[in-house]
file data_23.tsv (TSV, C-alpha atoms)
chain	number	residue	atom	x	y	z
A	1	MET	CA	0.00	0.00	0.00
A	2	GLY	CA	2.68	2.49	1.03
A	3	THR	CA	4.96	1.60	-1.85
A	4	LEU	CA	2.09	1.80	-4.33
A	5	ALA	CA	1.16	5.24	-2.99
A	6	SER	CA	4.70	6.43	-3.62
A	7	VAL	CA	4.66	5.07	-7.18
A	8	LEU	CA	1.42	6.93	-7.94
A	9	GLU	CA	2.72	10.08	-6.27
A	10	ALA	CA	5.89	9.94	-8.36
A	11	SER	CA	3.67	9.87	-11.44
A	12	GLY	CA	2.13	13.22	-10.50
A	13	ILE	CA	-0.95	12.19	-8.51
A	14	ALA	CA	-1.36	13.39	-4.93
A	15	THR	CA	-2.15	10.39	-2.72
A	16	VAL	CA	-3.59	9.76	0.71
A	17	ALA	CA	-3.36	6.21	2.03
A	18	LEU	CA	-5.60	4.75	4.69
A	19	SER	CA	-3.69	2.34	6.91
A	20	LEU	CA	-4.88	-0.67	8.90
A	21	ILE	CA	-1.47	-1.98	10.03
A	22	ARG	CA	0.54	0.91	11.40
A	23	GLN	CA	3.94	-0.77	11.28
A	24	GLN	CA	3.57	-1.32	7.54
A	25	VAL	CA	3.13	2.37	6.75
A	26	GLU	CA	5.93	3.20	9.16
A	27	THR	CA	8.12	0.87	7.09
A	28	THR	CA	7.01	1.86	3.60
A	29	ARG	CA	6.54	5.60	4.31
A	30	PRO	CA	3.85	6.71	1.83
A	31	PRO	CA	3.63	10.49	1.32
A	32	ARG	CA	0.43	10.90	3.37
A	33	ALA	CA	-1.20	8.24	5.54
A	34	LEU	CA	-4.10	8.13	7.98
A	35	HIS	CA	-3.85	5.14	10.27
A	36	CYS	CA	-7.24	3.73	11.23
A	37	GLU	CA	-7.25	1.16	14.02
A	38	PHE	CA	-10.28	-0.53	12.46
A	39	PRO	CA	-11.03	-4.20	11.74
A	40	LEU	CA	-9.04	-5.71	8.90
A	41	GLY	CA	-11.32	-5.72	5.86
A	42	ARG	CA	-13.16	-2.56	6.96
A	43	PRO	CA	-10.82	0.37	6.23
A	44	LEU	CA	-13.69	2.90	6.38
A	45	GLY	CA	-14.76	1.64	9.80
A	46	ARG	CA	-18.28	0.26	9.77
A	47	PRO	CA	-20.69	-0.82	7.03
A	48	ASP	CA	-23.86	1.25	6.79
A	49	ASP	CA	-22.29	4.09	8.78
A	50	PRO	CA	-21.95	6.88	6.23
A	51	ALA	CA	-21.21	9.53	8.87
A	52	LEU	CA	-18.17	7.62	10.15
A	53	GLN	CA	-17.03	6.81	6.61
A	54	ARG	CA	-17.26	10.47	5.69
A	55	SER	CA	-15.31	11.58	8.76
A	56	VAL	CA	-12.54	9.14	7.83
A	57	ILE	CA	-12.32	10.57	4.32
A	58	ASP	CA	-12.42	14.14	5.64
A	59	ALA	CA	-9.54	13.36	8.00
A	60	ALA	CA	-7.61	11.71	5.17
A	61	PHE	CA	-8.09	14.60	2.75
A	62	ALA	CA	-7.06	17.09	5.45
A	63	LEU	CA	-3.57	15.68	4.98
A	64	LEU	CA	-3.50	17.23	1.50
A	65	ASP	CA	-3.00	20.57	3.29
A	66	GLU	CA	0.29	19.41	4.80
A	67	PRO	CA	3.22	21.31	3.26
A	68	VAL	CA	5.76	18.50	3.48
A	69	GLY	CA	5.83	14.75	3.97
A	70	PRO	CA	5.83	11.94	4.63
A	71	VAL	CA	3.09	12.51	7.16
A	72	LEU	CA	1.35	9.81	9.24
A	73	ILE	CA	-1.43	10.58	11.69
A	74	ASP	CA	-3.93	8.45	13.61
A	75	PHE	CA	-7.71	8.61	13.27
A	76	PRO	CA	-9.01	9.28	16.80
A	77	GLU	CA	-11.68	6.55	16.95
A	78	GLU	CA	-10.71	2.89	17.27
A	79	ILE	CA	-12.90	-0.11	16.43
A	80	THR	CA	-12.02	-3.66	17.41
A	81	ASP	CA	-13.17	-6.85	15.73
A	82	ASP	CA	-15.74	-9.08	17.43
A	83	SER	CA	-14.12	-12.46	16.91
A	84	ASP	CA	-14.76	-13.30	20.57
A	85	ALA	CA	-18.53	-12.96	20.07
A	86	PRO	CA	-19.60	-15.44	17.40
A	87	LEU	CA	-22.91	-14.97	15.66
A	88	VAL	CA	-25.84	-16.90	17.03
A	89	CYS	CA	-27.56	-18.54	14.07
A	90	THR	CA	-30.20	-21.20	14.00
A	91	ILE	CA	-29.17	-23.61	11.28
A	92	PRO	CA	-32.07	-25.26	9.47
A	93	PRO	CA	-32.42	-28.98	10.21
A	94	ALA	CA	-31.12	-31.07	7.34
A	95	ASP	CA	-31.81	-34.52	5.96
A	96	THR	CA	-28.55	-36.37	6.47
A	97	GLY	CA	-29.63	-39.52	4.69
A	98	GLY	CA	-26.71	-40.79	2.66
A	99	VAL	CA	-24.42	-37.79	3.00
A	100	HIS	CA	-22.02	-36.45	5.59
A	101	PRO	CA	-23.80	-34.24	8.18
A	102	ALA	CA	-21.67	-31.26	7.20
A	103	GLU	CA	-22.63	-31.67	3.56
A	104	ALA	CA	-26.29	-31.86	4.56
A	105	GLU	CA	-25.87	-28.76	6.72
A	106	ALA	CA	-24.47	-26.83	3.76
A	107	ARG	CA	-27.33	-27.98	1.56
A	108	GLY	CA	-29.78	-26.74	4.16
A	109	LEU	CA	-28.19	-23.28	4.13
A	110	LEU	CA	-28.58	-22.77	0.40
A	111	PRO	CA	-31.93	-20.91	0.69
A	112	ALA	CA	-30.43	-18.54	3.29
A	113	TRP	CA	-27.46	-17.87	1.02
A	114	LYS	CA	-29.81	-17.10	-1.87
A	115	ARG	CA	-31.80	-14.66	0.28
A	116	SER	CA	-28.61	-12.84	1.27
A	117	THR	CA	-27.37	-12.64	-2.29
A	118	GLU	CA	-30.69	-11.25	-3.46
A	119	ALA	CA	-30.79	-8.78	-0.57
A	120	TYR	CA	-27.27	-7.41	-1.00
A	121	GLY	CA	-26.72	-8.02	-4.68
A	122	ARG	CA	-23.26	-9.48	-4.37
A	123	SER	CA	-21.34	-12.55	-3.25
A	124	THR	CA	-17.76	-13.65	-2.82
A	125	VAL	CA	-18.59	-17.28	-3.58
A	126	GLY	CA	-17.39	-18.54	-6.95
A	127	LYS	CA	-13.61	-18.76	-6.80
A	128	VAL	CA	-13.73	-22.37	-7.98
A	129	VAL	CA	-17.34	-23.47	-7.45
A	130	ALA	CA	-20.82	-21.99	-7.52
A	131	ALA	CA	-22.92	-21.89	-4.37
A	132	GLU	CA	-24.93	-24.93	-5.44
A	133	GLU	CA	-21.71	-26.96	-5.53
A	134	VAL	CA	-20.54	-25.93	-2.05
A	135	PRO	CA	-22.26	-28.85	-0.23
A	136	GLY	CA	-20.38	-31.31	-2.43
A	137	VAL	CA	-17.09	-29.55	-1.68
A	138	VAL	CA	-17.83	-29.80	2.04
A	139	GLY	CA	-18.25	-33.54	1.50
A	140	LEU	CA	-14.80	-33.71	-0.11
A	141	PHE	CA	-13.20	-31.87	2.80
A	142	ALA	CA	-14.97	-34.29	5.15
A	143	ARG	CA	-13.22	-37.18	3.40
A	144	ILE	CA	-9.84	-35.43	3.88
A	145	ALA	CA	-10.69	-34.82	7.54
A	146	ASP	CA	-11.50	-38.52	7.89
A	147	GLY	CA	-8.16	-39.63	6.52
A	148	GLU	CA	-8.19	-39.70	2.72
A	149	GLY	CA	-5.31	-38.04	0.87
A	150	TRP	CA	-5.98	-34.39	0.08
A	151	GLN	CA	-4.80	-34.84	-3.49
A	152	GLU	CA	-6.94	-37.94	-4.00
A	153	VAL	CA	-10.49	-36.78	-3.27
A	154	GLY	CA	-10.93	-34.63	-6.37
A	155	LEU	CA	-11.08	-31.09	-4.99
A	156	PRO	CA	-12.04	-28.65	-7.76
A	157	GLY	CA	-8.74	-26.75	-7.93
A	158	ASP	CA	-6.75	-24.89	-5.29
A	159	PRO	CA	-7.89	-26.21	-1.86
A	160	THR	CA	-7.62	-22.73	-0.33
A	161	LYS	CA	-10.02	-21.36	-2.93
A	162	ALA	CA	-12.44	-24.23	-2.40
A	163	ALA	CA	-12.31	-23.61	1.35
A	164	ALA	CA	-12.85	-19.89	0.75
A	165	ASP	CA	-15.97	-20.66	-1.25
A	166	VAL	CA	-17.28	-22.76	1.63
A	167	ARG	CA	-16.50	-20.15	4.29
A	168	ASN	CA	-17.86	-17.26	2.24
A	169	PHE	CA	-21.02	-19.26	1.47
A	170	TYR	CA	-21.61	-19.83	5.18
A	171	GLU	CA	-20.84	-16.26	6.21
A	172	GLU	CA	-23.14	-14.88	3.54
A	173	ALA	CA	-25.90	-17.32	4.50
A	174	ALA	CA	-25.50	-16.18	8.10
A	175	LEU	CA	-26.43	-12.63	7.09
A	176	SER	CA	-29.95	-13.94	6.47
A	177	LEU	CA	-30.07	-15.82	9.77
A	178	THR	CA	-29.29	-12.89	12.07
A	179	GLU	CA	-31.04	-9.61	12.77
A	180	ALA	CA	-28.17	-7.14	12.89
A	181	VAL	CA	-25.20	-6.49	10.63
A	182	PRO	CA	-22.40	-8.57	12.14
A	183	GLY	CA	-19.33	-7.07	13.69
A	184	ALA	CA	-16.04	-7.98	12.05
A	185	ARG	CA	-15.11	-11.67	12.34
A	186	GLN	CA	-18.34	-12.62	14.14
A	187	ALA	CA	-19.44	-14.72	11.18
A	188	GLU	CA	-15.95	-16.19	10.83
A	189	THR	CA	-15.89	-17.42	14.44
A	190	TRP	CA	-19.41	-18.79	14.07
A	191	PHE	CA	-18.46	-20.68	10.91
A	192	VAL	CA	-15.28	-22.25	12.24
A	193	GLY	CA	-16.41	-22.92	15.78
A	194	HIS	CA	-20.13	-23.54	15.53
A	195	THR	CA	-20.86	-25.32	12.25
A	196	ALA	CA	-20.20	-28.86	11.09
A	197	ALA	CA	-18.54	-27.58	7.91
A	198	GLY	CA	-16.20	-25.33	9.89
A	199	ASP	CA	-15.17	-28.29	12.01
A	200	VAL	CA	-14.62	-30.38	8.88
A	201	ILE	CA	-12.31	-27.79	7.30
A	202	GLN	CA	-10.43	-27.32	10.56
A	203	ARG	CA	-9.82	-31.08	10.73
A	204	ALA	CA	-8.98	-31.21	7.02
A	205	ARG	CA	-6.44	-28.43	7.56
A	206	VAL	CA	-4.75	-30.43	10.32
A	207	ALA	CA	-4.86	-33.59	8.18
A	208	MET	CA	-3.32	-31.82	5.18
A	209	LYS	CA	-0.55	-30.43	7.36
A	210	GLU	CA	0.14	-33.94	8.68
A	211	GLN	CA	0.05	-35.33	5.14
A	212	GLY	CA	2.85	-32.94	4.15
A	213	ALA	CA	0.82	-30.52	2.05
A	214	GLY	CA	2.67	-27.32	1.19
A	215	PHE	CA	2.46	-24.49	3.71
A	216	TYR	CA	0.29	-22.38	1.44
A	217	PHE	CA	-2.35	-25.08	1.07
A	218	TRP	CA	-2.96	-25.79	4.74
A	219	TYR	CA	-2.14	-22.37	6.19
A	220	TYR	CA	-4.59	-20.46	4.03
A	221	LEU	CA	-7.37	-23.03	4.36
A	222	LEU	CA	-8.79	-21.00	7.26
A	223	PRO	CA	-8.02	-17.60	8.74
A	224	ALA	CA	-4.90	-17.83	10.90
A	225	THR	CA	-7.02	-16.45	13.73
A	226	GLN	CA	-8.99	-19.70	13.72
A	227	HIS	CA	-6.21	-22.29	13.51
A	228	ARG	CA	-6.60	-24.87	16.27
A	229	ASP	CA	-4.25	-27.83	16.31
A	230	PRO	CA	-4.74	-31.04	18.32
A	231	GLY	CA	-3.72	-30.52	21.92
A	232	GLU	CA	-4.27	-26.76	21.84
A	233	ALA	CA	-6.69	-25.26	24.31
B	234	MET	CA	-9.02	-10.41	19.34
B	235	GLY	CA	-8.41	-11.84	15.89
B	236	ASP	CA	-7.00	-8.73	14.27
B	237	GLU	CA	-4.48	-8.32	17.05
B	238	LEU	CA	-2.98	-11.71	16.18
B	239	ILE	CA	-2.72	-10.82	12.47
B	240	ARG	CA	-1.28	-7.37	13.21
B	241	ASN	CA	1.36	-8.92	15.47
B	242	GLU	CA	2.26	-11.48	12.80
B	243	LEU	CA	2.69	-8.76	10.20
B	244	ALA	CA	4.35	-6.14	12.38
B	245	ASP	CA	7.90	-7.00	11.35
B	246	LEU	CA	7.15	-7.73	7.70
B	247	GLU	CA	9.69	-6.27	5.34
B	248	GLY	CA	8.53	-3.47	3.07
B	249	TYR	CA	9.95	-1.33	0.33
B	250	ALA	CA	10.43	2.38	0.94
B	251	PHE	CA	11.93	4.83	-1.53
B	252	ASP	CA	15.05	6.67	-0.36
B	253	GLU	CA	13.21	9.93	-0.82
B	254	ALA	CA	9.42	10.07	-0.49
B	255	PRO	CA	7.91	11.42	-3.72
B	256	TRP	CA	5.75	14.50	-3.30
B	257	THR	CA	3.13	16.03	-5.58
B	258	SER	CA	1.58	19.30	-4.47
B	259	PRO	CA	-2.18	18.89	-4.90
B	260	ARG	CA	-4.60	21.28	-6.52
B	261	PRO	CA	-7.34	22.66	-4.27
B	262	LEU	CA	-9.53	19.73	-3.25
B	263	SER	CA	-12.66	21.46	-4.55
B	264	GLU	CA	-11.11	21.42	-8.02
B	265	SER	CA	-9.62	17.93	-7.83
B	266	ARG	CA	-10.79	14.82	-9.59
B	267	VAL	CA	-10.61	11.92	-7.15
B	268	ALA	CA	-10.16	8.18	-7.68
B	269	ILE	CA	-9.90	5.25	-5.30
B	270	VAL	CA	-7.07	2.73	-5.52
B	271	THR	CA	-7.65	-0.26	-3.29
B	272	THR	CA	-5.55	-3.32	-2.51
B	273	ALA	CA	-8.66	-5.37	-1.71
B	274	GLY	CA	-8.32	-7.63	-4.73
B	275	LEU	CA	-11.53	-6.46	-6.36
B	276	ARG	CA	-12.50	-7.51	-9.85
B	277	VAL	CA	-15.43	-7.13	-12.16
B	278	GLU	CA	-17.65	-10.23	-12.39
B	279	GLY	CA	-16.27	-12.52	-15.07
B	280	GLN	CA	-12.63	-11.46	-14.73
B	281	PRO	CA	-10.17	-14.13	-13.50
B	282	ASP	CA	-9.77	-14.74	-9.78
B	283	TRP	CA	-6.69	-13.29	-8.07
B	284	ASN	CA	-3.81	-15.61	-7.26
B	285	PRO	CA	-1.06	-15.14	-4.66
B	286	GLY	CA	1.83	-13.10	-6.02
B	287	ASP	CA	-0.22	-11.37	-8.70
B	288	GLN	CA	1.01	-7.76	-8.89
B	289	SER	CA	-1.28	-6.77	-11.73
B	290	PHE	CA	-4.27	-4.45	-11.40
B	291	THR	CA	-7.87	-4.28	-12.51
B	292	VAL	CA	-9.74	-1.24	-13.72
B	293	LEU	CA	-13.11	-0.75	-11.99
B	294	PRO	CA	-15.50	1.44	-13.97
B	295	ARG	CA	-17.40	3.62	-11.48
B	296	ASP	CA	-20.84	2.50	-12.67
B	297	ARG	CA	-20.20	-1.23	-12.31
B	298	THR	CA	-22.16	-2.75	-9.46
B	299	ASP	CA	-21.01	-6.34	-10.04
B	300	LEU	CA	-17.68	-6.03	-8.28
B	301	VAL	CA	-16.33	-9.12	-6.53
B	302	LEU	CA	-13.89	-9.10	-3.62
B	303	SER	CA	-11.56	-11.98	-4.45
B	304	HIS	CA	-8.37	-11.36	-2.47
B	305	TYR	CA	-6.54	-14.66	-1.83
B	306	SER	CA	-5.95	-14.12	1.89
B	307	PRO	CA	-8.59	-15.42	4.32
B	308	ASN	CA	-7.24	-13.23	7.12
B	309	PHE	CA	-9.76	-10.39	7.08
B	310	ASP	CA	-13.50	-9.84	7.38
B	311	ARG	CA	-15.64	-9.93	4.23
B	312	THR	CA	-19.13	-9.49	5.67
B	313	GLY	CA	-18.65	-5.72	5.83
B	314	TRP	CA	-18.01	-5.62	2.09
B	315	ILE	CA	-21.09	-7.73	1.37
B	316	VAL	CA	-23.36	-5.48	3.42
B	317	ASP	CA	-21.89	-2.15	2.31
B	318	PRO	CA	-19.11	-1.92	-0.32
B	319	ASN	CA	-18.40	1.65	0.82
B	320	VAL	CA	-16.57	0.21	3.80
B	321	VAL	CA	-13.83	-0.73	1.29
B	322	LEU	CA	-14.60	1.31	-1.84
B	323	PRO	CA	-16.36	4.51	-0.70
B	324	ILE	CA	-17.64	5.69	-4.08
B	325	ASP	CA	-21.00	6.78	-2.62
B	326	ARG	CA	-19.19	9.00	-0.12
B	327	LEU	CA	-17.11	10.57	-2.91
B	328	ASP	CA	-20.25	11.17	-4.97
B	329	GLU	CA	-21.78	12.99	-2.01
B	330	MET	CA	-18.65	15.09	-1.60
B	331	ALA	CA	-18.72	16.00	-5.29
B	332	THR	CA	-22.37	17.01	-5.04
B	333	GLU	CA	-21.51	19.21	-2.06
B	334	GLY	CA	-18.58	20.75	-3.93
B	335	VAL	CA	-16.04	19.48	-1.40
B	336	ILE	CA	-14.19	17.68	-4.19
B	337	GLY	CA	-14.21	18.62	-7.85
B	338	SER	CA	-15.43	15.34	-9.33
B	339	VAL	CA	-15.26	11.56	-9.02
B	340	ALA	CA	-13.18	9.65	-11.54
B	341	ASP	CA	-14.82	7.41	-14.11
B	342	VAL	CA	-12.37	4.64	-13.28
B	343	HIS	CA	-10.99	3.25	-10.07
B	344	ILE	CA	-8.24	0.68	-9.61
B	345	SER	CA	-7.66	-2.47	-7.60
B	346	PHE	CA	-4.43	-4.22	-6.82
B	347	MET	CA	-4.14	-7.06	-4.32
B	348	GLY	CA	-2.28	-6.63	-1.06
B	349	ALA	CA	-0.47	-9.21	1.08
B	350	GLN	CA	2.15	-9.60	-1.63
B	351	ILE	CA	4.75	-12.31	-1.22
B	352	ASP	CA	7.50	-10.30	-2.93
B	353	HIS	CA	7.96	-7.44	-0.47
B	354	THR	CA	10.13	-5.53	-2.95
B	355	LEU	CA	7.03	-5.13	-5.16
B	356	GLU	CA	9.34	-4.93	-8.15
B	357	THR	CA	6.59	-5.42	-10.74
B	358	ILE	CA	4.37	-2.79	-9.13
B	359	ARG	CA	7.24	-0.31	-8.84
B	360	LEU	CA	8.56	-0.76	-12.35
B	361	ASP	CA	5.57	-1.79	-14.43
B	362	THR	CA	2.01	-2.09	-13.18
B	363	GLY	CA	2.13	0.84	-10.73
B	364	PRO	CA	3.15	3.37	-13.40
B	365	ALA	CA	0.67	1.75	-15.82
B	366	ALA	CA	-2.15	2.21	-13.31
B	367	ALA	CA	-1.08	5.83	-12.84
B	368	ARG	CA	-1.35	6.30	-16.60
B	369	VAL	CA	-4.91	4.97	-16.58
B	370	LEU	CA	-5.79	7.47	-13.86
B	371	LEU	CA	-3.97	10.39	-15.49
B	372	ASP	CA	-5.80	9.65	-18.75
B	373	ASP	CA	-9.00	10.25	-16.74
B	374	ALA	CA	-7.49	13.54	-15.44
B	375	VAL	CA	-7.27	12.26	-11.85
B	376	ASP	CA	-5.57	14.65	-9.41
B	377	VAL	CA	-6.01	12.87	-6.06
B	378	VAL	CA	-6.08	9.19	-5.10
B	379	LEU	CA	-7.47	7.73	-1.89
B	380	LEU	CA	-5.84	4.36	-1.20
B	381	THR	CA	-7.73	1.77	0.82
B	382	PRO	CA	-6.29	-1.50	2.17
B	383	VAL	CA	-8.07	-4.48	3.66
call {"tool": "encode", "arguments": {"input": "data_23.tsv", "output": "structure tokens"}}
result
Amino acid sequence: MGTLASVLEASGIATVALSLIRQQVETTRPPRALHCEFPLGRPLGRPDDPALQRSVIDAAFALLDEPVGPVLIDFPEEITDDSDAPLVCTIPPADTGGVHPAEAEARGLLPAWKRSTEAYGRSTVGKVVAAEEVPGVVGLFARIADGEGWQEVGLPGDPTKAAADVRNFYEEAALSLTEAVPGARQAETWFVGHTAAGDVIQRARVAMKEQGAGFYFWYYLLPATQHRDPGEA
Amino acid sequence: MGDELIRNELADLEGYAFDEAPWTSPRPLSESRVAIVTTAGLRVEGQPDWNPGDQSFTVLPRDRTDLVLSHYSPNFDRTGWIVDPNVVLPIDRLDEMATEGVIGSVADVHISFMGAQIDHTLETIRLDTGPAAARVLLDDAVDVVLLTPV
């Protein structure tokens, strides 16, 4: 971010960079930076809070009045993520006849995912599979979790992208199963810690690591904030 | 807290800084054309997914509503983006500021790169794609860029 700002600035464009990780802008020294101690993924603070978003931009553009740089200041308000407070979602009961319970769970969430996608008009599902294929992918991860080789079950491409499609499907479905807009990481903690699919991918991640999968494949299977290895509290 | 863990992991990450910080004196904000450059790994529906190490960029026409956040890293929240894209790409806020006369105008094109790059020297961005993105913005007469990370 900081380096990119400097490249644009050198081309004749005045830049102001928002920052979410202060040490990174201290290292890369962009011309003008406003550090915002906000949740990662939410550089303008909060969704559906136009007043806060505007005050962030106003504070950023105020740096254009500085006569010399580099300049780095801190936005006065801080917002923390809510990973310690998982969403509370009632998952629809699913018919588990003939399929893994996690796969059935995912199938049962498809209507909720569709409602969310219609309500918000966007989705992050679709890196390697469509939403309708997510339950089948959950079934493949369940086989890895239960001991099959991760390269043998027929995952549709990069395992990290398949896992991202599963997680994003669940988090988007959750938006239709709760009343309020979630705080940052609330849906993530719910998915990993409170759903059968989250448990399956956690166990698949551990199994892939034990099977000798490359670091990238098991590390990025879930957010690092959610990694739990056997024996850990 | 989850972010605290990620911030601590990334605190000592190497980064590239120029020996001398470039500096462009801006025009008055009320006369400036403003664009957003994000490192969120956005793309227009139908464009290829981002892969780790990709230092290219995508052009985001301001009137496209089918933008997809497809950054490779799982280590940040995405629900905020789903509910309100302005929390990453605040085009509605810029439109309001243009209507009020606080800024001159909003660019017709915005840009996305992808952060969390493996090559901390960002050689391709410094020498190739960064200047190319600047050219796209200058061709749209952009004066000021707001950069947003995730």
call {"tool": "residues_around", "arguments": {"input": "data_23.tsv", "residues": "segment 20-23 of chain A", "least_positions_apart": "6", "cutoff": "6 Å", "atoms": "only C-alpha atoms", "output": "list in words"}}
result
Cys36 and Glu37 of chain A; Ala244 of chain B
call {"tool": "write_last_selection", "arguments": {"input": "data_23.tsv", "atoms": "C-alpha atoms", "output": "PDB file, in the coordinates of the input"}}
result
ATOM      1  CA  CYS A  36      -7.240   3.730  11.230  1.00  0.00           C
ATOM      2  CA  GLU A  37      -7.250   1.160  14.020  1.00  0.00           C
TER       3      GLU A  37
ATOM      4  CA  ALA B 244       4.350  -6.140  12.380  1.00  0.00           C
TER       5      ALA B 244
END
call {"tool": "interface_residues", "arguments": {"input": "data_23.tsv", "of": "chain A", "to": "chain B", "cutoff": "6 Å", "atoms": "all atoms listed in the file", "output": "list in words"}}
result
Ser6, Leu8, Glu9, Ala10, Gly12, Ile13, Ala14, Thr15, Val16, Ala17, Leu18, Gln23, Thr27, Thr28, Leu40, Gly41, Arg42, Pro43, Leu44, Pro47, Asp48, Ser83, Ala184, Arg185, Pro223 and Thr225 of chain A
call {"tool": "atom_distance", "arguments": {"input": "data_23.tsv", "atom1": "atom CA of Ala112 of chain A", "atom2": "atom CA of Ile91 of chain A"}}
result
9.5 Å
call {"tool": "atom_distance", "arguments": {"input": "data_23.tsv", "atom1": "atom CA of Thr178 of chain A", "atom2": "atom CA of Arg203 of chain A"}}
result
26.7 Å
call {"tool": "residues_around", "arguments": {"input": "data_23.tsv", "residues": "Arg205 of chain A", "least_positions_apart": "2", "cutoff": "10 Å", "atoms": "only C-alpha atoms", "output": "MDAnalysis selection string"}}
result
chainID A and resid 141 144:145 150 159:160 163 199:203 207:211 213 217:222 227:229
call {"tool": "atom_distance", "arguments": {"input": "data_23.tsv", "atom1": "atom CA of Glu264 of chain B", "atom2": "atom CA of Ile57 of chain A"}}
result
16.5 Å
call {"tool": "decode", "arguments": {"input": "data_23.tsv", "residues": "segment 88-99 of chain A", "atoms": "N, CA and C atoms", "output": "short mmCIF file (atom, residue, chain, number, x, y, z; two decimals), in the first residue's frame"}}
result
data_model
loop_
_atom_site.label_atom_id
_atom_site.label_comp_id
_atom_site.auth_asym_id
_atom_site.auth_seq_id
_atom_site.Cartn_x
_atom_site.Cartn_y
_atom_site.Cartn_z
N VAL A 88 -24.93 -15.84 16.59
CA VAL A 88 -25.84 -16.90 17.03
C VAL A 88 -26.84 -17.11 15.89
N CYS A 89 -26.70 -18.24 15.22
CA CYS A 89 -27.56 -18.54 14.07
C CYS A 89 -28.24 -19.88 14.29
N THR A 90 -29.49 -19.92 13.99
CA THR A 90 -30.20 -21.20 14.00
C THR A 90 -30.07 -21.82 12.62
N ILE A 91 -29.38 -22.95 12.56
CA ILE A 91 -29.17 -23.61 11.28
C ILE A 91 -30.36 -24.51 10.98
N PRO A 92 -30.91 -24.42 9.78
CA PRO A 92 -32.07 -25.26 9.47
C PRO A 92 -31.73 -26.74 9.61
N PRO A 93 -32.68 -27.53 10.13
CA PRO A 93 -32.42 -28.98 10.21
C PRO A 93 -32.28 -29.55 8.80
N ALA A 94 -31.39 -30.54 8.67
CA ALA A 94 -31.12 -31.07 7.34
C ALA A 94 -31.31 -32.58 7.32
N ASP A 95 -31.69 -33.07 6.18
CA ASP A 95 -31.81 -34.52 5.96
C ASP A 95 -30.42 -35.08 5.69
N THR A 96 -29.92 -35.88 6.60
CA THR A 96 -28.55 -36.37 6.47
C THR A 96 -28.49 -37.74 5.79
N GLY A 97 -29.63 -38.20 5.28
CA GLY A 97 -29.63 -39.52 4.69
C GLY A 97 -28.64 -39.66 3.55
N GLY A 98 -27.64 -40.48 3.74
CA GLY A 98 -26.71 -40.79 2.66
C GLY A 98 -25.57 -39.83 2.46
N VAL A 99 -25.55 -38.72 3.16
CA VAL A 99 -24.42 -37.79 3.00
C VAL A 99 -23.86 -37.42 4.37
#
